[in-house]
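Here's coords.tsv, which has TSV, C-alpha atoms and all ligand atoms:
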```
chain	number	residue	atom	x	y	z
A	82	MET	CA	-84.14	-73.98	-58.65
A	83	LYS	CA	-81.98	-76.33	-56.62
A	84	LEU	CA	-82.61	-74.22	-53.54
A	85	LEU	CA	-86.38	-74.27	-54.14
A	86	LYS	CA	-86.32	-78.02	-54.49
A	87	GLN	CA	-84.35	-78.32	-51.27
A	88	LEU	CA	-86.81	-76.06	-49.48
A	89	ALA	CA	-89.74	-78.11	-50.72
A	90	LEU	CA	-88.05	-81.31	-49.67
A	91	GLY	CA	-87.20	-79.79	-46.32
A	92	SER	CA	-90.75	-78.73	-45.57
A	93	ALA	CA	-92.09	-82.10	-46.72
A	94	PHE	CA	-89.64	-83.72	-44.32
A	95	ALA	CA	-90.69	-81.39	-41.49
A	96	PHE	CA	-94.33	-82.14	-42.20
A	97	ALA	CA	-93.71	-85.89	-42.15
A	98	MET	CA	-91.83	-85.50	-38.87
A	99	LEU	CA	-94.70	-83.54	-37.36
A	100	ALA	CA	-97.22	-86.11	-38.51
A	101	SER	CA	-95.25	-89.00	-37.04
A	102	GLN	CA	-94.70	-86.95	-33.88
A	103	ALA	CA	-98.46	-86.50	-33.51
A	104	HIS	CA	-98.93	-90.21	-34.04
A	105	ALA	CA	-96.18	-91.12	-31.59
A	106	ASP	CA	-97.87	-88.93	-28.97
A	107	THR	CA	-101.13	-90.87	-29.14
A	108	VAL	CA	-101.34	-93.24	-26.20
A	109	LYS	CA	-102.34	-96.66	-27.56
A	110	ILE	CA	-104.07	-98.90	-25.05
A	111	GLY	CA	-104.92	-102.52	-25.83
A	112	LEU	CA	-108.11	-103.45	-23.97
A	113	VAL	CA	-107.93	-107.25	-23.92
A	114	VAL	CA	-111.14	-109.08	-22.99
A	115	LYS	CA	-111.82	-112.72	-22.14
A	116	SER	CA	-113.58	-113.16	-25.48
A	117	LEU	CA	-115.29	-111.10	-28.15
A	118	GLY	CA	-119.08	-111.13	-28.42
A	119	ASN	CA	-119.73	-110.87	-24.67
A	120	GLY	CA	-122.14	-108.00	-23.88
A	121	PHE	CA	-120.40	-107.33	-20.59
A	122	PHE	CA	-117.12	-106.53	-22.34
A	123	GLU	CA	-118.88	-104.57	-25.06
A	124	ALA	CA	-120.31	-102.36	-22.31
A	125	ALA	CA	-116.84	-102.03	-20.75
A	126	ASN	CA	-115.52	-100.97	-24.16
A	127	LYS	CA	-118.14	-98.22	-24.28
A	128	GLY	CA	-116.65	-96.83	-21.08
A	129	ALA	CA	-113.12	-97.25	-22.41
A	130	GLN	CA	-113.97	-95.29	-25.58
A	131	GLU	CA	-115.62	-92.63	-23.43
A	132	ALA	CA	-112.41	-92.26	-21.39
A	133	ALA	CA	-110.33	-92.14	-24.59
A	134	LYS	CA	-112.47	-89.32	-25.96
A	135	GLU	CA	-112.29	-87.42	-22.72
A	136	LEU	CA	-108.50	-87.77	-22.43
A	137	GLY	CA	-108.09	-86.76	-26.07
A	138	ASP	CA	-104.76	-88.29	-27.05
A	139	VAL	CA	-105.77	-91.93	-26.60
A	140	GLU	CA	-106.62	-94.77	-28.94
A	141	VAL	CA	-108.25	-97.80	-27.30
A	142	ILE	CA	-107.80	-101.02	-29.25
A	143	TYR	CA	-110.63	-103.35	-28.14
A	144	THR	CA	-109.48	-106.91	-28.72
A	145	GLY	CA	-109.67	-110.50	-27.49
A	146	PRO	CA	-109.89	-114.09	-28.67
A	147	THR	CA	-113.06	-115.59	-30.11
A	148	SER	CA	-113.32	-118.05	-27.25
A	149	THR	CA	-112.33	-117.80	-23.60
A	150	THR	CA	-108.83	-119.31	-23.69
A	151	ALA	CA	-105.46	-118.16	-22.36
A	152	GLU	CA	-103.84	-119.35	-25.62
A	153	GLY	CA	-106.07	-117.00	-27.59
A	154	GLN	CA	-105.17	-114.12	-25.28
A	155	ILE	CA	-101.43	-114.84	-25.63
A	156	GLU	CA	-101.75	-114.43	-29.41
A	157	VAL	CA	-103.63	-111.18	-28.89
A	158	ILE	CA	-100.96	-109.88	-26.45
A	159	ASN	CA	-98.18	-110.68	-28.93
A	160	ALA	CA	-100.07	-108.85	-31.67
A	161	LEU	CA	-100.42	-105.79	-29.42
A	162	ILE	CA	-96.68	-105.86	-28.65
A	163	ALA	CA	-96.02	-105.88	-32.40
A	164	GLN	CA	-98.35	-102.87	-32.77
A	165	ASN	CA	-96.22	-100.93	-30.25
A	166	VAL	CA	-99.05	-100.19	-27.85
A	167	ASN	CA	-98.18	-98.16	-24.75
A	168	ALA	CA	-100.40	-100.10	-22.37
A	169	ILE	CA	-102.31	-103.36	-22.08
A	170	ALA	CA	-105.33	-103.67	-19.80
A	171	ILE	CA	-106.44	-107.29	-19.65
A	172	SER	CA	-109.29	-109.33	-18.16
A	173	ALA	CA	-107.52	-112.67	-17.95
A	174	ASN	CA	-108.77	-116.15	-18.79
A	175	ASP	CA	-106.02	-117.59	-16.58
A	176	PRO	CA	-104.01	-115.80	-13.87
A	177	ASP	CA	-100.69	-117.48	-14.74
A	178	ALA	CA	-100.67	-118.65	-18.36
A	179	VAL	CA	-100.58	-115.11	-19.76
A	180	ILE	CA	-97.67	-114.01	-17.55
A	181	PRO	CA	-94.73	-114.79	-19.91
A	182	ALA	CA	-96.36	-112.81	-22.75
A	183	LEU	CA	-97.18	-109.92	-20.41
A	184	LYS	CA	-93.64	-109.94	-18.99
A	185	LYS	CA	-92.34	-109.62	-22.54
A	186	ALA	CA	-94.64	-106.61	-22.96
A	187	MET	CA	-93.45	-105.02	-19.71
A	188	ALA	CA	-89.80	-105.59	-20.67
A	189	ARG	CA	-90.50	-103.40	-23.73
A	190	GLY	CA	-91.87	-100.60	-21.59
A	191	ILE	CA	-95.55	-101.43	-22.07
A	192	LYS	CA	-97.59	-100.67	-18.93
A	193	VAL	CA	-99.67	-103.72	-18.05
A	194	ILE	CA	-102.66	-103.82	-15.74
A	195	SER	CA	-105.41	-106.36	-15.25
A	196	TRP	CA	-109.04	-105.52	-14.61
A	197	ASP	CA	-112.19	-107.61	-14.02
A	198	SER	CA	-110.34	-110.97	-13.97
A	199	ALA	CA	-106.86	-110.75	-12.46
A	200	VAL	CA	-103.42	-111.70	-13.70
A	201	ALA	CA	-101.18	-112.93	-10.84
A	202	LYS	CA	-98.83	-110.34	-9.32
A	203	ASP	CA	-95.76	-111.02	-11.51
A	204	GLY	CA	-97.59	-110.31	-14.75
A	205	ARG	CA	-99.01	-106.85	-14.13
A	206	ILE	CA	-98.46	-103.57	-12.29
A	207	MET	CA	-101.83	-103.59	-10.54
A	208	HIS	CA	-105.29	-105.13	-10.75
A	209	LEU	CA	-108.66	-103.37	-10.76
A	210	ASN	CA	-111.45	-105.40	-9.19
A	211	PRO	CA	-115.00	-104.32	-9.99
A	212	SER	CA	-115.88	-104.46	-6.31
A	213	SER	CA	-114.75	-106.12	-3.08
A	214	ASN	CA	-114.48	-109.88	-3.68
A	215	GLU	CA	-115.85	-110.56	-0.23
A	216	LEU	CA	-118.90	-108.45	-0.94
A	217	ILE	CA	-119.56	-110.15	-4.29
A	218	GLY	CA	-119.37	-113.58	-2.64
A	219	LYS	CA	-121.77	-112.51	0.07
A	220	MET	CA	-124.14	-110.96	-2.42
A	221	CYS	CA	-124.31	-114.15	-4.50
A	222	LEU	CA	-125.24	-116.15	-1.39
A	223	GLN	CA	-127.81	-113.55	-0.34
A	224	LEU	CA	-129.38	-113.67	-3.81
A	225	ALA	CA	-129.58	-117.48	-3.61
A	226	ALA	CA	-131.16	-117.34	-0.14
A	227	ASP	CA	-133.69	-114.71	-1.33
A	228	HIS	CA	-135.02	-117.13	-3.95
A	229	LEU	CA	-135.61	-119.93	-1.41
A	230	LYS	CA	-138.41	-120.33	1.11
A	231	ASP	CA	-136.97	-119.26	4.47
A	232	GLY	CA	-133.54	-119.14	2.80
A	233	LYS	CA	-133.34	-122.93	2.93
A	234	GLY	CA	-132.47	-125.35	0.16
A	235	ASP	CA	-129.98	-126.79	-2.33
A	236	PHE	CA	-128.22	-124.64	-4.89
A	237	ALA	CA	-125.65	-125.19	-7.63
A	238	ILE	CA	-123.10	-122.84	-9.18
A	239	LEU	CA	-122.78	-122.39	-12.94
A	240	SER	CA	-119.43	-120.70	-13.50
A	241	ALA	CA	-117.35	-119.55	-16.49
A	242	THR	CA	-114.05	-121.40	-17.19
A	243	THR	CA	-112.23	-123.46	-14.57
A	244	THR	CA	-109.25	-121.08	-14.76
A	245	SER	CA	-111.12	-117.76	-14.67
A	246	THR	CA	-109.60	-115.71	-11.83
A	247	ASN	CA	-112.62	-113.61	-10.95
A	248	GLN	CA	-115.20	-116.42	-10.85
A	249	ASN	CA	-112.81	-118.67	-8.91
A	250	THR	CA	-112.20	-115.92	-6.36
A	251	TRP	CA	-115.93	-115.27	-5.94
A	252	ILE	CA	-116.71	-118.99	-5.59
A	253	GLU	CA	-114.00	-119.26	-2.95
A	254	GLU	CA	-115.59	-116.32	-1.12
A	255	MET	CA	-119.02	-117.95	-1.37
A	256	LYS	CA	-117.67	-121.16	0.15
A	257	LYS	CA	-115.92	-119.23	2.92
A	258	GLN	CA	-119.11	-117.39	3.83
A	259	LEU	CA	-121.51	-120.34	3.51
A	260	PRO	CA	-121.53	-120.89	7.31
A	261	ASN	CA	-123.24	-117.47	7.59
A	262	PHE	CA	-126.11	-118.86	5.50
A	263	PRO	CA	-126.94	-122.08	7.38
A	264	GLY	CA	-130.00	-122.80	5.21
A	265	LEU	CA	-127.98	-122.95	2.00
A	266	ASN	CA	-126.52	-126.20	0.73
A	267	LEU	CA	-124.07	-126.06	-2.20
A	268	VAL	CA	-124.49	-129.26	-4.20
A	269	THR	CA	-122.11	-128.84	-7.13
A	270	THR	CA	-120.27	-126.39	-9.40
A	271	VAL	CA	-120.31	-126.74	-13.19
A	272	TYR	CA	-118.52	-124.74	-15.88
A	273	GLY	CA	-120.04	-123.24	-19.04
A	274	ASP	CA	-116.80	-121.50	-20.16
A	275	ASP	CA	-118.65	-118.22	-20.78
A	276	LEU	CA	-119.97	-119.76	-23.99
A	277	SER	CA	-123.75	-119.49	-24.37
A	278	ASP	CA	-124.33	-122.98	-25.75
A	279	LYS	CA	-122.06	-124.77	-23.27
A	280	SER	CA	-123.56	-122.79	-20.36
A	281	TYR	CA	-127.06	-123.68	-21.57
A	282	ARG	CA	-126.17	-127.39	-21.76
A	283	GLU	CA	-124.58	-127.34	-18.30
A	284	ALA	CA	-127.72	-125.71	-16.88
A	285	GLN	CA	-129.90	-128.31	-18.62
A	286	GLY	CA	-127.67	-130.99	-17.09
A	287	LEU	CA	-128.25	-129.55	-13.62
A	288	LEU	CA	-132.01	-129.53	-14.15
A	289	THR	CA	-132.04	-133.23	-14.95
A	290	SER	CA	-129.25	-134.59	-12.73
A	291	GLN	CA	-129.92	-132.45	-9.63
A	292	PRO	CA	-133.70	-132.51	-9.01
A	293	ASN	CA	-133.25	-131.03	-5.52
A	294	VAL	CA	-131.45	-127.93	-6.75
A	295	LYS	CA	-133.85	-125.01	-6.40
A	296	VAL	CA	-131.47	-122.20	-7.34
A	297	ILE	CA	-128.71	-121.94	-9.92
A	298	VAL	CA	-126.24	-119.19	-9.03
A	299	ALA	CA	-124.22	-118.04	-12.04
A	300	PRO	CA	-121.53	-115.46	-11.22
A	301	THR	CA	-121.16	-114.74	-14.94
A	302	THR	CA	-123.36	-112.69	-17.26
A	303	VAL	CA	-123.14	-115.36	-19.97
A	304	GLY	CA	-124.01	-118.19	-17.56
A	305	VAL	CA	-126.88	-116.44	-15.80
A	306	LEU	CA	-128.57	-115.62	-19.11
A	307	ALA	CA	-128.11	-119.14	-20.53
A	308	ALA	CA	-129.36	-120.76	-17.30
A	309	SER	CA	-132.49	-118.62	-17.17
A	310	GLN	CA	-133.25	-119.59	-20.75
A	311	ALA	CA	-132.70	-123.28	-19.93
A	312	VAL	CA	-135.10	-123.02	-16.97
A	313	ALA	CA	-137.74	-121.28	-19.11
A	314	ASP	CA	-137.37	-123.80	-21.96
A	315	ALA	CA	-137.67	-126.72	-19.48
A	316	LYS	CA	-140.88	-125.09	-18.15
A	317	LYS	CA	-139.40	-125.01	-14.67
A	318	ILE	CA	-140.07	-121.35	-13.87
A	319	GLY	CA	-141.18	-121.11	-10.26
A	320	ASP	CA	-139.70	-124.51	-9.52
A	321	VAL	CA	-136.04	-123.63	-10.13
A	322	TYR	CA	-134.73	-120.06	-9.96
A	323	VAL	CA	-131.65	-118.51	-11.51
A	324	THR	CA	-129.64	-115.66	-10.06
A	325	GLY	CA	-126.11	-114.29	-9.91
A	326	LEU	CA	-124.31	-111.58	-11.88
A	327	GLY	CA	-126.11	-110.41	-14.99
A	328	LEU	CA	-126.55	-107.50	-17.35
A	329	PRO	CA	-129.94	-105.76	-17.00
A	330	SER	CA	-130.19	-105.45	-20.81
A	331	GLU	CA	-129.73	-109.21	-21.23
A	332	MET	CA	-131.76	-110.27	-18.17
A	333	ALA	CA	-134.89	-108.15	-18.64
A	334	GLY	CA	-136.67	-111.14	-20.22
A	335	ALA	CA	-135.73	-113.42	-17.31
A	336	ILE	CA	-137.15	-110.91	-14.82
A	337	LYS	CA	-140.35	-110.69	-16.87
A	338	SER	CA	-140.67	-114.48	-17.23
A	339	GLY	CA	-139.99	-115.00	-13.53
A	340	ALA	CA	-136.93	-117.22	-14.11
A	341	THR	CA	-135.14	-114.80	-11.82
A	342	LYS	CA	-136.51	-112.43	-9.20
A	343	GLU	CA	-133.31	-110.47	-8.79
A	344	PHE	CA	-129.64	-110.47	-9.73
A	345	ALA	CA	-126.71	-108.10	-9.31
A	346	ILE	CA	-123.86	-106.40	-11.17
A	347	TRP	CA	-121.65	-103.32	-10.99
A	348	ASN	CA	-121.54	-100.84	-13.84
A	349	PRO	CA	-119.42	-102.39	-16.64
A	350	ILE	CA	-119.19	-99.06	-18.48
A	351	ASP	CA	-117.57	-97.50	-15.40
A	352	LEU	CA	-115.20	-100.47	-15.15
A	353	GLY	CA	-113.89	-100.06	-18.72
A	354	TYR	CA	-113.69	-96.30	-18.18
A	355	SER	CA	-111.66	-96.73	-14.98
A	356	ALA	CA	-109.28	-99.32	-16.47
A	357	THR	CA	-108.55	-96.97	-19.39
A	358	GLN	CA	-107.98	-94.01	-17.08
A	359	ILE	CA	-105.53	-96.04	-14.96
A	360	ALA	CA	-103.62	-97.36	-17.99
A	361	TYR	CA	-103.33	-93.80	-19.35
A	362	ARG	CA	-102.01	-92.36	-16.06
A	363	LEU	CA	-99.38	-95.11	-15.91
A	364	VAL	CA	-98.22	-94.36	-19.46
A	365	LYS	CA	-98.04	-90.64	-18.68
A	366	GLY	CA	-95.99	-91.33	-15.54
A	367	GLU	CA	-98.60	-89.67	-13.31
A	368	THR	CA	-98.56	-92.76	-11.08
A	369	ASP	CA	-96.52	-95.91	-10.68
A	370	GLY	CA	-99.59	-97.88	-9.56
A	371	ALA	CA	-97.72	-99.19	-6.51
A	372	PRO	CA	-99.59	-100.34	-3.41
A	373	GLY	CA	-100.82	-97.31	-1.50
A	374	SER	CA	-101.00	-95.04	-4.53
A	375	GLU	CA	-104.12	-93.10	-5.49
A	376	ILE	CA	-104.86	-92.83	-9.18
A	377	ALA	CA	-106.94	-90.03	-10.69
A	378	ALA	CA	-109.66	-91.65	-12.79
A	379	GLY	CA	-111.70	-88.80	-14.28
A	380	ARG	CA	-115.37	-88.89	-13.33
A	381	MET	CA	-114.73	-91.97	-11.12
A	382	GLY	CA	-112.61	-89.89	-8.75
A	383	LYS	CA	-109.48	-91.32	-7.15
A	384	ILE	CA	-108.88	-95.08	-7.20
A	385	LYS	CA	-106.77	-96.36	-4.32
A	386	VAL	CA	-104.42	-99.30	-4.78
A	387	GLY	CA	-104.44	-101.58	-1.72
A	388	ASP	CA	-101.47	-103.25	-0.07
A	389	ASN	CA	-102.02	-106.34	-2.22
A	390	GLY	CA	-101.66	-104.33	-5.46
A	391	GLU	CA	-105.41	-104.48	-6.10
A	392	ALA	CA	-108.08	-101.78	-6.21
A	393	ALA	CA	-111.88	-102.06	-6.04
A	394	MET	CA	-114.19	-99.84	-8.05
A	395	ALA	CA	-117.68	-99.76	-6.54
A	396	ASP	CA	-120.38	-101.84	-4.85
A	397	PRO	CA	-122.61	-104.13	-6.92
A	398	PHE	CA	-126.24	-103.16	-7.31
A	399	VAL	CA	-129.34	-105.36	-7.28
A	400	TYR	CA	-131.82	-105.39	-10.19
A	401	ASP	CA	-135.42	-106.60	-9.98
A	402	ALA	CA	-138.85	-105.99	-11.52
A	403	LYS	CA	-138.94	-102.47	-10.09
A	404	ASN	CA	-135.80	-101.09	-11.75
A	405	ILE	CA	-135.02	-103.45	-14.65
A	406	ASP	CA	-136.59	-101.25	-17.36
A	407	GLN	CA	-134.58	-98.24	-16.29
A	408	PHE	CA	-131.22	-100.04	-16.24
A	409	SER	CA	-131.74	-102.34	-19.22
A	410	LYS	CA	-131.41	-99.25	-21.42
A	411	MET	CA	-127.92	-98.55	-20.03
A	412	PHE	CA	-126.00	-101.84	-20.03
A	501	LIG	C1	-118.87	-112.43	-17.62
A	501	LIG	C2	-117.37	-112.48	-17.53
A	501	LIG	C3	-116.80	-111.35	-16.73
A	501	LIG	C4	-117.53	-111.20	-15.41
A	501	LIG	C5	-119.02	-111.04	-15.64
A	501	LIG	C6	-119.78	-110.93	-14.35
A	501	LIG	O1	-119.26	-111.46	-18.54
A	501	LIG	O2	-117.01	-113.72	-16.96
A	501	LIG	O3	-115.44	-111.60	-16.48
A	501	LIG	O4	-117.05	-110.11	-14.67
A	501	LIG	O5	-119.48	-112.16	-16.36
```

Have the structure of the file written as structure tokens, please.
Amino acid sequence: MKLLKQLALGSAFAFAMLASQAHADTVKIGLVVKSLGNGFFEAANKGAQEAAKELGDVEVIYTGPTSTTAEGQIEVINALIAQNVNAIAISANDPDAVIPALKKAMARGIKVISWDSAVAKDGRIMHLNPSSNELIGKMCLQLAADHLKDGKGDFAILSATTTSTNQNTWIEEMKKQLPNFPGLNLVTTVYGDDLSDKSYREAQGLLTSQPNVKVIVAPTTVGVLAASQAVADAKKIGDVYVTGLGLPSEMAGAIKSGATKEFAIWNPIDLGYSATQIAYRLVKGETDGAPGSEIAAGRMGKIKVGDNGEAAMADPFVYDAKNIDQFSKMF
């Protein structure tokens, strides 16, 4: 009897061990976004879940603050550390403010990368850019010029937050390349914080305070959508145009109304997929993510890390009346 009991206890113990073993083997990746409720990040999460399914032993925890602050992200990072995740892949609201929390994560063996919006070097192993920053800057200027007669006129930028790494980098690139677009005159830059209502109000402000502005360039999917709605509501379609980086699914109405003729973006699903693949390979020790390394990223092929510790995924693509219906079904 005693022996039977011991056997039963033993097998229960073995079973519990096996179960926890299986759990411990699951790679947990925290996918931290600038804020929840942004369609761009929801599309990226689709790609992340796709990668998780493909890799098999992965759980992607999609998380982020409710508004686009570094403080909110720090809380989220600390919660992920407490959950014992194996990796954190973050699109940062501030390149520096999140570093102490991410350093704490790395000190505990958590592999940290940034994607979309970079963390400064000290706070991550590598950064995945959606595309070349130079190319994105050039594209935004080209889009602005395309909406102006002979490429000449005043334009304003409607950005996300003042600390957002990706938008700040692209704006810097735009300014650097402005001399190549002699007809373009940048009047001002305003910030809608990637919040729909604030972005809408900032766009409205531009329409009233800057009567010479003929194009609003918003290098943010939240801003470009809000600005095109503000232009339509102010009955200024054809007088003021909106362009920049947008999601086809969100911008189909603006193409139809004529508030925008064209805008650009890369594939956000592929971006979330790639970030998840990279985080997984780091956890598995298949790469150290150091400059010069090439990381296998499933259907995206090999992603090469440049000398600066950054990689670029793919070129942006332009959407207009001809292709909007096709792509608005995807993202
Ligand atoms: C918004 C976010 C994101 C950016 C896109 C283009 O959704 O700011 O970081 O990459 O726009």

Throw together the list of residues within 6 Å of ligand LIG 501 (chain A), counting all atoms listed in the file, and drop it here as a CSV table (one decimal) with C-alpha atoms, keeping the file's coordinate frame.
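Now in part-v8.csv:
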```
chain,number,residue,atom,x,y,z
A,121,PHE,CA,-120.4,-107.3,-20.6
A,197,ASP,CA,-112.2,-107.6,-14.0
A,198,SER,CA,-110.3,-111.0,-14.0
A,241,ALA,CA,-117.4,-119.6,-16.5
A,300,PRO,CA,-121.5,-115.5,-11.2
A,301,THR,CA,-121.2,-114.7,-14.9
A,302,THR,CA,-123.4,-112.7,-17.3
A,303,VAL,CA,-123.1,-115.4,-20.0
A,326,LEU,CA,-124.3,-111.6,-11.9
```

From the list A:Thr357, A:Asn249, A:Gln130, A:Asn261, the nearest residue to Ile169 in chain A using only C-alpha atoms is A:Thr357

Between CA of Gly153 in chain A and CA of Pro211 in chain A - distance in Å to one decimal | 23.5 Å

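The closest residue to Glu215 in chain A, picked from A:Lys257, A:Ser116, A:Ala313, A:Tyr281 and counting all atoms listed in the file, is A:Lys257.
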
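Shortest atom-to-atom contact with Asn247 in chain A among A:Ala173, A:Leu216, A:Val298, A:Leu276: A:Ala173, counting all atoms listed in the file.
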
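Note that CA of Met394 in chain A and CA of Phe262 in chain A are 26.2 Å apart.
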
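Closest approach to Ser213 in chain A among A:Ala393, A:Ala377, A:Leu265, A:Leu229: A:Ala393, based on only C-alpha atoms.
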
Expected residue set, 7 Å radius at (-109.2, -93.8, -21.6), only C-alpha atoms, as a list in words | Ala129, Gln130, Glu131, Ala132, Ala133, Leu136, Val139, Tyr354, Thr357, Gln358 and Tyr361 of chain A

Write the residues of the selection above to a file with C-alpha atoms, as an mmCIF file, keeping the file's coordinate frame.
```
data_model
loop_
_atom_site.group_PDB
_atom_site.id
_atom_site.type_symbol
_atom_site.label_atom_id
_atom_site.label_comp_id
_atom_site.auth_asym_id
_atom_site.auth_seq_id
_atom_site.Cartn_x
_atom_site.Cartn_y
_atom_site.Cartn_z
ATOM 1 C CA ALA A 129 -113.120 -97.250 -22.410
ATOM 2 C CA GLN A 130 -113.970 -95.290 -25.580
ATOM 3 C CA GLU A 131 -115.620 -92.630 -23.430
ATOM 4 C CA ALA A 132 -112.410 -92.260 -21.390
ATOM 5 C CA ALA A 133 -110.330 -92.140 -24.590
ATOM 6 C CA LEU A 136 -108.500 -87.770 -22.430
ATOM 7 C CA VAL A 139 -105.770 -91.930 -26.600
ATOM 8 C CA TYR A 354 -113.690 -96.300 -18.180
ATOM 9 C CA THR A 357 -108.550 -96.970 -19.390
ATOM 10 C CA GLN A 358 -107.980 -94.010 -17.080
ATOM 11 C CA TYR A 361 -103.330 -93.800 -19.350
#
```

Mind pulling up the distance from CA of Lys410 in chain A to CA of Ala170 in chain A?
-> 26.5 Å

Proximity of range 301-364 of chain A to range 112-115 of chain A: per-residue shortest pair, 10 Å limit, only C-alpha atoms, as JSON lines:
```
{"residue": "A:Gly353", "atom": "CA", "partner": "A:Leu112", "partner_atom": "CA", "distance": 8.5}
{"residue": "A:Ala356", "atom": "CA", "partner": "A:Leu112", "partner_atom": "CA", "distance": 8.6}
{"residue": "A:Thr357", "atom": "CA", "partner": "A:Leu112", "partner_atom": "CA", "distance": 7.9}
{"residue": "A:Ala360", "atom": "CA", "partner": "A:Leu112", "partner_atom": "CA", "distance": 9.6}
```

Between A:Gly304, A:Pro263, A:Gly339, A:Gly118, which has the minimum distance to Lys316 in chain A (counting only C-alpha atoms)?
->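 Closest to Lys316 in chain A of all the choices is A:Gly339.
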
Nearest to Ala186 in chain A, chosen from A:Leu222, A:Ala160, A:Ile376, A:Leu352, with all atoms listed in the file counted in the distances = A:Ala160

Within 12 Å of (-93.2, -113.1, -19.1) (coordinates as in the file), grab all the protein and nucleic acid residues, counting all atoms listed in the file, and write them out as a PDB file with C-alpha atoms, keeping the file's coordinate frame.
```pdb
ATOM      1  CA  ILE A 155    -101.430-114.840 -25.630  1.00  0.00           C
ATOM      2  CA  ILE A 158    -100.960-109.880 -26.450  1.00  0.00           C
ATOM      3  CA  ASN A 159     -98.180-110.680 -28.930  1.00  0.00           C
ATOM      4  CA  ASP A 177    -100.690-117.480 -14.740  1.00  0.00           C
ATOM      5  CA  ALA A 178    -100.670-118.650 -18.360  1.00  0.00           C
ATOM      6  CA  VAL A 179    -100.580-115.110 -19.760  1.00  0.00           C
ATOM      7  CA  ILE A 180     -97.670-114.010 -17.550  1.00  0.00           C
ATOM      8  CA  PRO A 181     -94.730-114.790 -19.910  1.00  0.00           C
ATOM      9  CA  ALA A 182     -96.360-112.810 -22.750  1.00  0.00           C
ATOM     10  CA  LEU A 183     -97.180-109.920 -20.410  1.00  0.00           C
ATOM     11  CA  LYS A 184     -93.640-109.940 -18.990  1.00  0.00           C
ATOM     12  CA  LYS A 185     -92.340-109.620 -22.540  1.00  0.00           C
ATOM     13  CA  ALA A 186     -94.640-106.610 -22.960  1.00  0.00           C
ATOM     14  CA  MET A 187     -93.450-105.020 -19.710  1.00  0.00           C
ATOM     15  CA  ALA A 188     -89.800-105.590 -20.670  1.00  0.00           C
ATOM     16  CA  ARG A 189     -90.500-103.400 -23.730  1.00  0.00           C
ATOM     17  CA  VAL A 193     -99.670-103.720 -18.050  1.00  0.00           C
ATOM     18  CA  VAL A 200    -103.420-111.700 -13.700  1.00  0.00           C
ATOM     19  CA  ALA A 201    -101.180-112.930 -10.840  1.00  0.00           C
ATOM     20  CA  LYS A 202     -98.830-110.340  -9.320  1.00  0.00           C
ATOM     21  CA  ASP A 203     -95.760-111.020 -11.510  1.00  0.00           C
ATOM     22  CA  GLY A 204     -97.590-110.310 -14.750  1.00  0.00           C
ATOM     23  CA  ARG A 205     -99.010-106.850 -14.130  1.00  0.00           C
TER      24      ARG A 205
END
```

Ile359 in chain A: which residues within 7 Å, counting all atoms listed in the file, same-chain residues fewer than 4 positions away excluded, as a PyMOL selection string?
-> chain A and resi 355+363+376+378

Using only C-alpha atoms, determine which residues lie at most 10 Å from Gly264 in chain A, disregarding the query and same-chain residues fewer than 5 positions distant; provide the list as a PyMOL selection string.
-> chain A and resi 226+229-235+259

Shell of 12 Å around Thr243 in chain A, only C-alpha atoms, local chain residues under 3 positions omitted, as a PyMOL selection string = chain A and resi 149-151+174-176+239-240+246-250+252+270-275
